[in-house]
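Novice: The structure file protein-v8.cif (mmCIF, C-alpha atoms) is provided below.
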```cif
data_protein
#
loop_
_atom_site.label_atom_id
_atom_site.label_comp_id
_atom_site.auth_asym_id
_atom_site.auth_seq_id
_atom_site.Cartn_x
_atom_site.Cartn_y
_atom_site.Cartn_z
CA MET A 1 34.11 -0.27 26.58
CA VAL A 2 31.94 -2.13 29.08
CA ILE A 3 29.38 0.66 29.58
CA GLY A 4 28.90 0.94 25.82
CA LEU A 5 28.32 -2.80 25.53
CA VAL A 6 25.82 -2.67 28.42
CA CYS A 7 23.92 0.12 26.62
CA TYR A 8 23.94 -1.94 23.41
CA ALA A 9 22.60 -5.00 25.24
CA LEU A 10 19.90 -2.99 27.05
CA ILE A 11 18.63 -1.48 23.80
CA LEU A 12 18.60 -4.87 22.06
CA LEU A 13 16.85 -6.59 25.00
CA GLY A 14 14.43 -3.69 25.29
CA LEU A 15 13.48 -4.07 21.64
CA PHE A 16 12.92 -7.80 22.16
CA PHE A 17 10.65 -7.43 25.21
CA SER A 18 8.80 -4.52 23.60
CA SER A 19 8.08 -6.59 20.49
CA MET A 20 6.88 -9.49 22.61
CA LYS A 21 4.32 -7.18 24.22
CA TYR A 22 3.43 -5.19 21.11
CA SER A 23 4.32 -7.03 17.89
CA SER A 24 4.33 -3.87 15.77
CA THR A 25 7.27 -2.38 17.71
CA ALA A 26 9.54 -4.98 16.10
CA VAL A 27 9.55 -2.53 13.17
CA THR A 28 11.51 -0.19 15.46
CA ALA A 29 14.30 -2.76 15.57
CA VAL A 30 14.48 -2.53 11.77
CA PHE A 31 14.77 1.26 11.98
CA LEU A 32 17.63 1.02 14.50
CA MET A 33 19.43 -2.01 13.06
CA PHE A 34 22.35 -0.48 11.16
CA SER A 35 23.07 2.34 13.63
CA LEU A 36 22.88 -0.01 16.62
CA GLU A 37 25.19 -2.41 14.79
CA GLN A 38 27.85 0.31 14.49
CA TRP A 39 27.54 1.30 18.15
CA GLY A 40 27.92 -2.36 19.12
CA GLN A 41 31.08 -2.69 17.04
CA ILE A 42 32.55 0.35 18.77
CA SER A 43 31.83 -1.29 22.12
CA SER A 44 33.03 -4.86 21.53
CA SER A 45 35.53 -6.60 19.28
CA PHE A 46 33.23 -9.64 19.35
CA LEU A 47 30.67 -7.64 17.33
CA ILE A 48 33.39 -6.72 14.83
CA ILE A 49 34.41 -10.33 14.30
CA TYR A 50 30.77 -11.48 14.16
CA SER A 51 29.51 -8.46 12.25
CA SER A 52 26.14 -10.02 11.45
CA PHE A 53 25.22 -10.59 15.10
CA THR A 54 23.05 -7.45 15.43
CA ASN A 55 21.33 -8.11 12.11
CA ILE A 56 20.56 -11.70 13.11
CA CYS A 57 19.15 -10.53 16.45
CA VAL A 58 16.90 -8.02 14.69
CA GLY A 59 15.81 -10.73 12.26
CA VAL A 60 14.91 -13.01 15.18
CA ILE A 61 12.98 -10.19 16.91
CA VAL A 62 10.95 -9.46 13.76
CA ALA A 63 10.33 -13.16 13.04
CA LEU A 64 9.16 -13.87 16.60
CA ALA A 65 6.89 -10.81 16.55
CA PHE A 66 5.40 -12.06 13.29
CA VAL A 67 4.81 -15.56 14.70
CA LYS A 68 3.26 -14.11 17.88
CA SER A 69 1.01 -11.79 15.89
CA PHE A 70 -0.04 -14.60 13.56
CA PHE A 71 -0.99 -17.10 16.25
CA LEU A 72 -2.39 -14.74 18.88
CA ASN A 73 -3.90 -11.82 16.98
CA ARG A 74 -4.24 -13.24 13.46
CA HIS A 75 -4.08 -9.72 12.00
CA VAL A 76 -0.86 -10.04 9.99
CA PHE A 77 -2.60 -10.83 6.70
CA LYS A 78 -5.30 -8.23 7.18
CA ASN A 79 -5.49 -5.32 4.70
CA ILE A 80 -2.84 -6.70 2.37
CA PRO A 81 -2.52 -4.10 -0.43
CA LEU A 82 -2.54 -5.37 -4.01
CA ILE A 83 0.55 -3.28 -4.67
CA ILE A 84 2.55 -6.01 -2.96
CA ILE A 85 2.11 -7.98 -6.20
CA SER A 86 3.81 -5.18 -8.15
CA VAL A 87 6.65 -4.96 -5.61
CA LEU A 88 7.24 -8.72 -5.71
CA CYS A 89 7.04 -8.73 -9.52
CA LEU A 90 9.74 -6.04 -9.68
CA TYR A 91 12.06 -8.03 -7.41
CA VAL A 92 11.37 -11.30 -9.24
CA TYR A 93 11.97 -9.71 -12.64
CA ALA A 94 15.17 -8.05 -11.39
CA PHE A 95 16.43 -11.43 -10.14
CA PHE A 96 15.44 -13.14 -13.39
CA SER A 97 17.28 -10.47 -15.43
CA LEU A 98 20.56 -11.72 -13.93
CA GLN A 99 20.43 -14.38 -16.63
CA TRP A 100 21.56 -11.90 -19.29
CA SER A 101 23.53 -9.56 -17.04
CA PRO A 102 27.26 -9.08 -17.83
CA ALA A 103 27.83 -9.02 -14.04
CA TYR A 104 26.10 -12.29 -13.18
CA GLU A 105 28.56 -13.34 -10.45
CA VAL A 106 28.61 -9.92 -8.77
CA GLY A 107 24.83 -9.75 -8.98
CA THR A 108 24.44 -13.20 -7.44
CA GLN A 109 26.61 -12.15 -4.51
CA GLN A 110 24.55 -8.99 -4.08
CA TRP A 111 21.32 -10.99 -3.93
CA LYS A 112 22.79 -13.46 -1.43
CA HIS A 113 23.84 -10.55 0.77
CA TYR A 114 20.59 -8.57 0.65
CA LEU A 115 17.99 -11.37 0.52
CA PRO A 116 17.72 -11.82 4.34
CA TYR A 117 17.35 -8.03 4.78
CA LEU A 118 14.69 -7.91 2.06
CA ALA A 119 12.76 -10.71 3.78
CA ILE A 120 12.76 -8.82 7.09
CA THR A 121 12.26 -5.30 5.78
CA VAL A 122 10.07 -5.60 2.70
CA VAL A 123 8.13 -8.81 3.38
CA ILE A 124 7.62 -9.22 7.15
CA ALA A 125 7.84 -5.71 8.68
CA PRO A 126 4.88 -4.18 6.74
CA LEU A 127 2.67 -7.07 7.88
CA LEU A 128 3.06 -5.99 11.52
CA ILE A 129 1.11 -2.73 11.18
CA ASN A 130 -2.63 -2.27 10.70
CA ASP A 131 -3.87 0.95 12.28
CA GLU A 132 -2.77 4.22 13.86
CA LYS A 133 -2.30 2.50 17.24
CA ASP A 134 0.37 0.21 15.77
CA ILE A 135 2.15 3.17 14.17
CA GLN A 136 1.92 5.17 17.40
CA LYS A 137 3.49 2.27 19.29
CA ILE A 138 6.29 2.14 16.71
CA ASN A 139 6.85 5.90 17.01
CA ASN A 140 6.90 5.75 20.82
CA ALA A 141 9.33 2.82 20.80
CA PHE A 142 11.51 4.56 18.20
CA GLN A 143 11.73 7.66 20.38
CA PHE A 144 12.30 5.62 23.55
CA PHE A 145 15.12 3.47 22.16
CA GLY A 146 16.37 5.90 19.51
CA PHE A 147 16.97 8.81 21.88
CA PRO A 148 19.66 7.07 24.00
CA LEU A 149 21.30 5.64 20.87
CA LEU A 150 21.33 9.15 19.39
CA ILE A 151 23.06 10.52 22.50
CA LEU A 152 25.59 7.68 22.53
CA LEU A 153 26.53 8.21 18.88
CA LEU A 154 26.69 11.98 19.13
CA PHE A 155 28.57 12.42 22.42
CA PHE A 156 30.31 9.14 23.27
CA ALA A 157 31.70 7.98 19.94
CA GLU A 158 34.86 9.03 18.10
CA TRP A 159 34.35 10.57 14.66
CA GLU A 160 36.80 10.93 11.82
CA ASN A 161 35.75 12.88 8.73
CA ARG A 162 32.00 12.16 9.20
CA ARG A 163 32.51 8.46 9.96
CA LEU A 164 32.39 6.60 13.26
CA VAL A 165 35.76 5.16 14.23
CA ILE A 166 35.08 1.46 14.80
CA VAL A 167 38.73 0.53 15.34
CA ALA A 168 41.33 3.27 15.92
CA GLY A 169 44.87 3.12 14.57
CA PRO A 170 47.04 4.16 11.61
CA GLU A 171 44.51 2.50 9.29
CA PRO A 172 41.25 2.85 11.25
CA SER A 173 38.09 0.89 10.52
CA LEU A 174 35.27 3.35 9.91
CA GLY A 175 31.49 3.05 10.00
CA ASN A 176 28.77 3.87 7.47
CA PRO A 177 27.69 7.52 7.97
CA LEU A 178 24.70 7.36 5.62
CA GLU A 179 22.94 4.72 7.73
CA ILE A 180 23.39 6.92 10.80
CA GLY A 181 22.15 9.90 8.81
CA THR A 182 19.02 8.00 7.76
CA PHE A 183 18.38 6.93 11.36
CA SER A 184 18.72 10.58 12.46
CA ALA A 185 16.42 11.83 9.70
CA MET A 186 13.72 9.33 10.66
CA LEU A 187 14.04 10.21 14.35
CA PHE A 188 13.79 13.90 13.43
CA THR A 189 10.62 13.19 11.43
CA VAL A 190 8.94 11.26 14.22
CA ALA A 191 9.72 14.05 16.68
CA VAL A 192 8.35 16.76 14.36
CA PHE A 193 5.06 15.05 13.53
CA ASN A 194 4.33 13.33 16.86
CA ASN A 195 4.06 14.45 20.46
CA ILE A 196 5.84 12.50 23.22
CA THR A 197 2.71 12.10 25.30
CA TRP A 198 4.05 9.21 27.39
CA LEU A 199 6.50 11.61 29.10
CA GLY A 200 3.78 13.95 30.30
CA LYS A 201 4.90 17.52 31.01
CA VAL A 202 8.51 16.89 29.97
CA GLY A 203 7.34 15.51 26.63
CA LEU A 204 7.41 18.88 24.82
CA PRO A 205 10.96 19.93 25.86
CA THR A 206 12.13 16.38 25.11
CA LYS A 207 10.59 16.64 21.66
CA PHE A 208 12.51 19.84 20.89
CA LEU A 209 15.72 18.36 22.29
CA LEU A 210 15.24 15.32 20.07
CA ILE A 211 14.80 17.56 17.02
CA ILE A 212 17.94 19.54 17.86
CA LEU A 213 20.15 16.50 18.53
CA SER A 214 18.96 14.54 15.50
CA SER A 215 19.68 17.60 13.32
CA ALA A 216 23.16 17.76 14.81
CA LEU A 217 23.85 14.07 14.08
CA ILE A 218 22.72 14.48 10.45
CA VAL A 219 25.24 17.31 10.06
CA VAL A 220 28.06 15.52 11.93
CA SER A 221 27.63 12.44 9.71
CA GLY A 222 27.78 14.65 6.60
CA SER A 223 24.49 13.20 5.35
CA ARG A 224 23.49 15.84 2.81
CA GLY A 225 20.78 13.78 1.13
CA GLN A 226 19.20 12.99 4.49
CA LEU A 227 19.21 16.70 5.33
CA LEU A 228 17.61 17.65 2.01
CA SER A 229 15.01 14.90 2.21
CA VAL A 230 13.94 15.66 5.79
CA ILE A 231 13.60 19.39 5.04
CA LEU A 232 11.52 18.56 1.96
CA ALA A 233 9.30 16.14 3.91
CA VAL A 234 8.70 18.69 6.69
CA TYR A 235 7.95 21.47 4.19
CA VAL A 236 5.53 19.37 2.14
CA LEU A 237 3.70 17.61 4.97
CA TRP A 238 3.66 20.11 7.83
CA THR A 239 0.73 21.98 6.31
CA PHE A 240 -1.22 18.71 6.15
CA ARG A 241 -0.79 18.08 9.85
CA TYR A 242 -2.43 21.42 10.61
CA LYS A 243 -5.32 23.02 8.76
CA VAL A 244 -3.58 25.99 7.12
CA SER A 245 -6.86 27.61 6.06
CA ASN A 246 -7.07 28.78 9.68
CA PRO A 247 -4.94 32.01 9.90
CA VAL A 248 -3.51 31.10 13.33
CA ASN A 249 -2.48 27.63 12.17
CA PHE A 250 -1.05 29.09 8.95
CA ILE A 251 1.16 31.50 10.91
CA PHE A 252 2.18 28.72 13.33
CA ALA A 253 3.07 26.41 10.45
CA GLY A 254 5.12 29.12 8.72
CA VAL A 255 7.01 30.08 11.88
CA SER A 256 7.68 26.43 12.71
CA ILE A 257 9.07 25.69 9.25
CA LEU A 258 11.31 28.75 9.41
CA ALA A 259 12.50 27.70 12.88
CA VAL A 260 13.38 24.19 11.67
CA THR A 261 15.27 25.63 8.69
CA PHE A 262 17.16 28.06 10.92
CA LEU A 263 18.00 25.25 13.36
CA ILE A 264 19.44 23.03 10.64
CA PHE A 265 21.53 25.73 8.99
CA THR A 266 22.81 26.81 12.40
CA ALA A 267 23.90 23.22 13.00
CA ILE A 268 25.73 23.22 9.66
CA ASN A 269 27.56 26.44 10.51
CA TYR A 270 28.75 25.17 13.90
CA LEU A 271 29.11 21.42 13.42
CA GLY A 272 29.85 21.20 9.72
CA GLU A 273 32.71 23.68 9.76
CA GLY A 274 35.80 22.15 8.23
CA ASN A 275 33.84 19.17 6.85
CA ILE A 276 34.40 19.12 3.10
CA ARG A 277 31.00 17.45 2.62
CA TRP A 278 29.31 20.82 3.25
CA ASP A 279 31.59 22.74 0.86
CA LEU A 280 29.57 24.08 -2.10
CA GLU A 281 32.22 23.05 -4.62
CA ARG A 282 32.26 19.50 -3.25
CA ILE A 283 28.45 19.35 -3.37
CA SER A 284 28.46 20.52 -7.01
CA PHE A 285 31.17 17.99 -7.90
CA ASP A 286 29.26 15.09 -6.30
CA ILE A 287 26.01 16.05 -8.04
CA ALA A 288 27.81 16.17 -11.39
CA GLU A 289 29.45 12.79 -10.69
CA ARG A 290 26.07 11.18 -9.85
CA TYR A 291 24.55 12.65 -13.01
CA ALA A 292 27.43 11.41 -15.14
CA GLY A 293 27.11 7.87 -13.77
CA SER A 294 23.37 7.79 -14.49
CA THR A 295 23.71 9.15 -18.01
CA GLU A 296 26.55 6.75 -18.82
CA VAL A 297 24.64 3.64 -17.80
CA LEU A 298 21.57 4.91 -19.68
CA SER A 299 23.70 5.37 -22.81
CA TYR A 300 24.55 1.65 -22.68
CA TRP A 301 20.85 0.88 -22.12
CA SER A 302 19.83 2.80 -25.26
CA ASP A 303 22.19 0.84 -27.53
CA SER A 304 19.64 -1.79 -28.59
CA ILE A 305 15.91 -2.51 -28.61
CA PHE A 306 16.55 -5.61 -26.50
CA SER A 307 18.29 -3.71 -23.72
CA MET A 308 15.73 -0.89 -23.84
CA LEU A 309 12.83 -3.30 -23.42
CA LEU A 310 14.30 -5.97 -21.12
CA GLY A 311 17.18 -4.07 -19.60
CA LEU A 312 20.90 -4.74 -19.41
CA GLY A 313 20.35 -7.19 -16.57
CA ASN A 314 20.44 -6.72 -12.81
CA SER A 315 23.79 -5.47 -11.45
CA ALA A 316 25.06 -4.72 -14.99
CA SER A 317 26.24 -1.32 -13.69
CA TYR A 318 29.02 -3.06 -11.76
CA ASP A 319 30.45 -4.29 -15.07
CA LEU A 320 29.89 -1.03 -16.94
CA LEU A 321 30.70 1.57 -14.26
CA GLY A 322 32.48 -0.47 -11.62
CA ILE A 323 29.67 0.46 -9.20
CA TYR A 324 25.95 1.19 -9.15
CA PRO A 325 24.88 4.63 -10.50
CA HIS A 326 23.59 5.96 -7.13
CA ASN A 327 20.18 6.63 -8.67
CA VAL A 328 17.59 3.89 -8.27
CA PRO A 329 15.11 4.99 -11.02
CA ALA A 330 18.00 5.31 -13.51
CA GLU A 331 19.38 1.96 -12.35
CA ILE A 332 16.00 0.26 -12.79
CA ILE A 333 15.36 1.60 -16.28
CA ALA A 334 18.92 0.67 -17.35
CA GLU A 335 19.13 -2.79 -15.77
CA GLU A 336 15.48 -3.89 -15.81
CA GLY A 337 14.48 -1.95 -18.92
CA LEU A 338 11.12 -0.45 -19.77
CA ILE A 339 9.39 -3.50 -18.28
CA GLY A 340 10.99 -2.96 -14.88
CA PHE A 341 10.53 0.81 -14.99
CA PHE A 342 6.86 0.38 -15.87
CA ILE A 343 6.35 -1.75 -12.75
CA TYR A 344 8.33 0.77 -10.67
CA SER A 345 6.18 3.62 -12.03
CA ILE A 346 2.99 1.79 -11.06
CA ILE A 347 4.37 1.32 -7.53
CA PHE A 348 5.30 4.99 -7.21
CA ILE A 349 2.08 6.42 -8.66
CA LYS A 350 -0.09 4.08 -6.60
CA THR A 351 1.73 5.14 -3.41
CA ILE A 352 1.27 8.84 -4.23
CA HIS A 353 -2.43 8.12 -4.75
CA ALA A 354 -2.61 6.25 -1.41
CA SER A 355 -0.83 9.15 0.32
CA ILE A 356 -3.32 11.68 -1.05
CA TYR A 357 -6.19 9.43 0.01
CA ILE A 358 -4.86 9.28 3.58
CA LEU A 359 -4.46 13.07 3.78
CA ARG A 360 -7.92 13.70 2.36
CA ASN A 361 -9.72 11.24 4.59
CA THR A 362 -8.19 11.73 8.03
CA LYS A 363 -9.05 14.55 10.41
CA VAL A 364 -6.51 17.21 11.34
CA LYS A 365 -4.77 16.86 14.73
CA THR A 366 -5.78 13.22 15.24
CA GLU A 367 -3.59 10.18 15.84
CA LYS A 368 -4.86 8.76 12.57
CA ARG A 369 -3.59 11.84 10.69
CA ASN A 370 -0.26 11.95 12.57
CA ALA A 371 0.35 8.27 11.82
CA GLY A 372 -0.42 8.76 8.14
CA VAL A 373 1.72 11.88 7.81
CA THR A 374 4.66 10.13 9.50
CA LEU A 375 4.50 7.17 7.10
CA ILE A 376 4.18 9.44 4.06
CA ALA A 377 7.16 11.49 5.29
CA PHE A 378 9.23 8.29 5.56
CA PHE A 379 8.18 7.39 2.01
CA LEU A 380 9.23 10.82 0.69
CA ILE A 381 12.55 10.75 2.57
CA THR A 382 13.51 7.31 1.28
CA PHE A 383 12.43 8.22 -2.26
CA VAL A 384 14.65 11.33 -2.29
CA LEU A 385 17.53 9.26 -0.89
CA SER A 386 17.05 6.68 -3.67
CA LEU A 387 17.84 9.44 -6.18
CA LYS A 388 21.36 9.96 -4.80
CA GLN A 389 22.62 6.95 -2.88
CA GLY A 390 22.59 3.18 -2.78
CA SER A 391 21.42 0.58 -5.25
CA PHE A 392 18.05 -0.96 -6.05
CA LEU A 393 18.69 -3.81 -3.59
CA SER A 394 20.07 -1.64 -0.79
CA ASN A 395 17.16 0.86 -0.91
CA MET A 396 14.85 -1.59 0.86
CA TYR A 397 13.42 1.05 3.25
CA PHE A 398 11.74 2.74 0.27
CA PHE A 399 9.78 -0.37 -0.65
CA MET A 400 8.99 -1.08 3.00
CA PHE A 401 7.33 2.33 3.33
CA VAL A 402 5.59 1.91 -0.02
CA LEU A 403 3.84 -1.14 1.40
CA MET A 404 3.16 0.51 4.77
CA VAL A 405 1.58 3.60 3.20
CA ASN A 406 -0.63 1.50 0.92
CA LYS A 407 -1.61 -0.82 3.75
CA TYR A 408 -2.48 2.11 6.00
CA SER A 409 -4.63 3.67 3.24
CA LEU A 410 -6.69 0.44 3.20
CA TYR A 411 -7.18 0.79 6.95
CA VAL A 412 -8.40 4.39 6.49
CA LYS A 413 -10.74 3.25 3.73
CA ARG A 414 -12.08 0.44 5.90
CA GLY A 415 -12.76 2.93 8.71
CA ILE A 416 -14.71 5.20 6.37
CA TYR A 417 -16.72 2.23 5.10
CA LYS A 418 -17.57 1.20 8.67
CA ASN A 419 -18.68 4.73 9.52
CA VAL A 420 -20.91 4.90 6.45
CA ARG A 421 -22.48 1.55 7.31
CA SER A 422 -23.10 2.59 10.92
CA VAL A 423 -24.71 5.86 9.83
CA ALA A 424 -26.88 4.03 7.28
CA TYR A 425 -27.89 1.48 9.90
CA SER A 426 -28.80 4.16 12.46
CA THR A 427 -31.00 6.01 9.95
CA ASN A 428 -32.99 2.91 9.00
#
```
Could you write out this structure as structure tokens?

Specialist:
Amino acid sequence: MVIGLVCYALILLGLFFSSMKYSSTAVTAVFLMFSLEQWGQISSSFLIIYSSFTNICVGVIVALAFVKSFFLNRHVFKNIPLIIISVLCLYVYAFFSLQWSPAYEVGTQQWKHYLPYLAITVVIAPLLINDEKDIQKINNAFQFFGFPLLILLLFFAEWENRRLVIVAGPEPSLGNPLEIGTFSAMLFTVAVFNNITWLGKVGLPTKFLLIILSSALIVVSGSRGQLLSVILAVYVLWTFRYKVSNPVNFIFAGVSILAVTFLIFTAINYLGEGNIRWDLERISFDIAERYAGSTEVLSYWSDSIFSMLLGLGNSASYDLLGIYPHNVPAEIIAEEGLIGFFIYSIIFIKTIHASIYILRNTKVKTEKRNAGVTLIAFFLITFVLSLKQGSFLSNMYFFMFVLMVNKYSLYVKRGIYKNVRSVAYSTN
């Protein structure tokens, strides 16, 4: 599939040159990494054999953007939020808890696998943003490179029971639908909360087309958690983008939310027909299964004072359940104990506080507000997803957005402080 490989190469090269011009847009490569990887594997057997090629390229792009930003702009260590200490402490404690974990070998393999991704996503990526201009550049780049990838995945890829067919045959190799669902949910969010100003007059119809197609891809990939989380994020944050105390804005917000809901459920009716993932009985069964896994691992956790305080040890769920419980808070309290859950709670509460601060101290219908709302929406989406899929180590996007939201709140606070100083100076 030569054309597919050319498209893959153009997107990857585009991300590289974009990040060399604007360092912050390297974060876009992180957003696209897993979906672009699957498209590349559809297009070339080389990318199947060397499955880490895309991830390595993204790592190089992010690392080079960091080096460029450090030596040329020297802004990478500006506005470092103190919450990074809590995040690092949680990861360090989780790693240390392997020492008493019954699944030490499995856990060690998990850490070896995820450590490079954690370095890129949780450590380096948040350092590349400082203000609303950086976030706007990321959003623009995400729309620019994400839109063609969205079209390729939706219209030019073969699907089998919600999964991309990487290699066809009697025993086909299939892709990861949840990563594509997360990519679609994030693209949907950016389109809802940001205008595509760089396209001029065609920006508005392109925005609506992007919303429609990203909704369709969420449904096609059977990503129920992504659908729930993006609806929740839009419902909660839409009213903060517009001042709902104004009757006209209130009506507009209400109509828009209803329109988005109607659009998504229409997509389910047409595109999700015959997909068992959208069957109510299957949904109820999966919810019950997730709940059972969480309660079972917590029953082991409550067996002794030692395990309650220190935890069963990282990755212990693999030994007890055969897999992680698909609920990160439950996994943390079971494997890292009350100590780990206390650190996690501080991280969560502090991020909620930072989110409220951003919403209270940015003006409606400004780039600063749009940037803040977009980051908070990403935080909410990844938090909801952490309640139903993945493990503590694989939910790295959540902690990336935790750091980004807290870092952006420091930027907002710094702007207010500068304004106060300038007003005080002018009155003296």

Novice: Give me the residues within 8 Å of stretch 290-302 of chain A as a PyMOL selection string, counting only C-alpha atoms and dropping any in the same chain fewer than 3 places off.

Specialist: chain A and resi 286-287+305+307-308+311-312+317+320-321+325-327+330-331+333-335+337+388

Novice: Could you pull the residues within 10 Å of A:Arg163, counting only C-alpha atoms, minus those fewer than 4 positions along the same chain, as an MDAnalysis selection string?

Specialist: chainID A and resid 158:159 173:178 180 220:222

Novice: Could you write out the selected residues, including C-alpha atoms, as a PDB file, in the frame of the given file?

Specialist:
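The file below, again02.pdb, is the result:
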```pdb
ATOM      1  CA  GLU A 158      34.860   9.030  18.100  1.00  0.00           C
ATOM      2  CA  TRP A 159      34.350  10.570  14.660  1.00  0.00           C
ATOM      3  CA  SER A 173      38.090   0.890  10.520  1.00  0.00           C
ATOM      4  CA  LEU A 174      35.270   3.350   9.910  1.00  0.00           C
ATOM      5  CA  GLY A 175      31.490   3.050  10.000  1.00  0.00           C
ATOM      6  CA  ASN A 176      28.770   3.870   7.470  1.00  0.00           C
ATOM      7  CA  PRO A 177      27.690   7.520   7.970  1.00  0.00           C
ATOM      8  CA  LEU A 178      24.700   7.360   5.620  1.00  0.00           C
ATOM      9  CA  ILE A 180      23.390   6.920  10.800  1.00  0.00           C
ATOM     10  CA  VAL A 220      28.060  15.520  11.930  1.00  0.00           C
ATOM     11  CA  SER A 221      27.630  12.440   9.710  1.00  0.00           C
ATOM     12  CA  GLY A 222      27.780  14.650   6.600  1.00  0.00           C
TER      13      GLY A 222
END
```

Novice: Using atom CA of A:Ala157 and atom CA of A:Ser184 as the two end points, give the distance in Å to one decimal.

Specialist: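 Going from atom CA of A:Ala157 over to atom CA of A:Ser184, I get 15.2 Å.
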
Novice: Can you tell me which residues surround stretch 368-383 of chain A at a distance of at most 8 Å, considering only C-alpha atoms, apart from same-chain residues fewer than 5 positions away, and format the answer as JSON, numbers by chain?

Specialist: {"A": [131, 132, 135, 136, 186, 189, 190, 193, 194, 226, 229, 230, 232, 233, 234, 237, 240, 241, 355, 358, 359, 362, 363, 395, 397, 398, 401, 402, 404, 405, 408]}

Novice: Using only C-alpha atoms, which of the listed residues (A:Asn140, A:Ser394, A:Gln38, A:Ser18) sits closest to A:Gly203?

Specialist: A:Asn140

Novice: At a cut-off of 10 Å, using all atoms listed in the file, what residues contact stretch 108-115 of chain A? Leave out same-chain residues fewer than 6 positions from it and give the result as number ranges by chain.

Specialist: A: 95, 98, 121, 314-315, 393-394, 396

Novice: Pull C-alpha atoms from the residues just selected and write them as a CSV table (one decimal), keeping the file's coordinate frame.

Specialist:
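After the write, part05.csv holds the following:
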```
chain,number,residue,atom,x,y,z
A,95,PHE,CA,16.4,-11.4,-10.1
A,98,LEU,CA,20.6,-11.7,-13.9
A,121,THR,CA,12.3,-5.3,5.8
A,314,ASN,CA,20.4,-6.7,-12.8
A,315,SER,CA,23.8,-5.5,-11.4
A,393,LEU,CA,18.7,-3.8,-3.6
A,394,SER,CA,20.1,-1.6,-0.8
A,396,MET,CA,14.8,-1.6,0.9
```

Novice: Have a look at A:Leu149, A:Leu338, A:Ala103, A:Ile84 and name the one nearest to A:Val123; count all atoms listed in the file.

Specialist: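 Smallest separation from A:Val123 among the options: A:Ile84.
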
Novice: Here's the selection I'm unsure about, the PyMOL selection byres ((chain A and resi 76) around 10); applied to the file above, which residues does it give, as a ChimeraX atom specification?

Specialist: /A:23-24,66-71,73-75,77-80,124-130

Novice: What does the distance between atom CA of A:Ser19 and atom CA of A:Ala65 come to in Å, to one decimal place?

Specialist: 5.9 Å

Novice: Provide the atom CA of A:Ile120 to atom CA of A:Leu150 distance in Å, to one decimal place.

Specialist: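 Separation of atom CA of A:Ile120 and atom CA of A:Leu150: 23.4 Å.
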
Novice: Stretch 153-155 of chain A: which residues within 8 Å, counting all atoms listed in the file, same-chain residues fewer than 5 positions away excluded, as an MDAnalysis selection string?

Specialist: chainID A and resid 39 213 217

Novice: With only C-alpha atoms as the basis for distance, which of A:Ala354, A:Phe306, A:Pro172, A:Gln99 is at the shortest distance from A:Glu160?

Specialist: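 Looking only at the distances to A:Glu160, the closest residue turns out to be A:Pro172.
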
Novice: Would you write out, as a list in words, every residue that the PyMOL selection byres ((chain A and resi 89) around 12) captures in this file?

Specialist: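 On this input, the PyMOL selection byres ((chain A and resi 89) around 12) captures Leu82, Ile83, Ile84, Ile85, Ser86, Val87, Leu88, Leu90, Tyr91, Val92, Tyr93, Ala94, Phe95, Phe96, Ser97, Glu336, Ile339, Gly340, Phe341, Phe342, Ile343, Tyr344, Ile346 and Ile347 of chain A.
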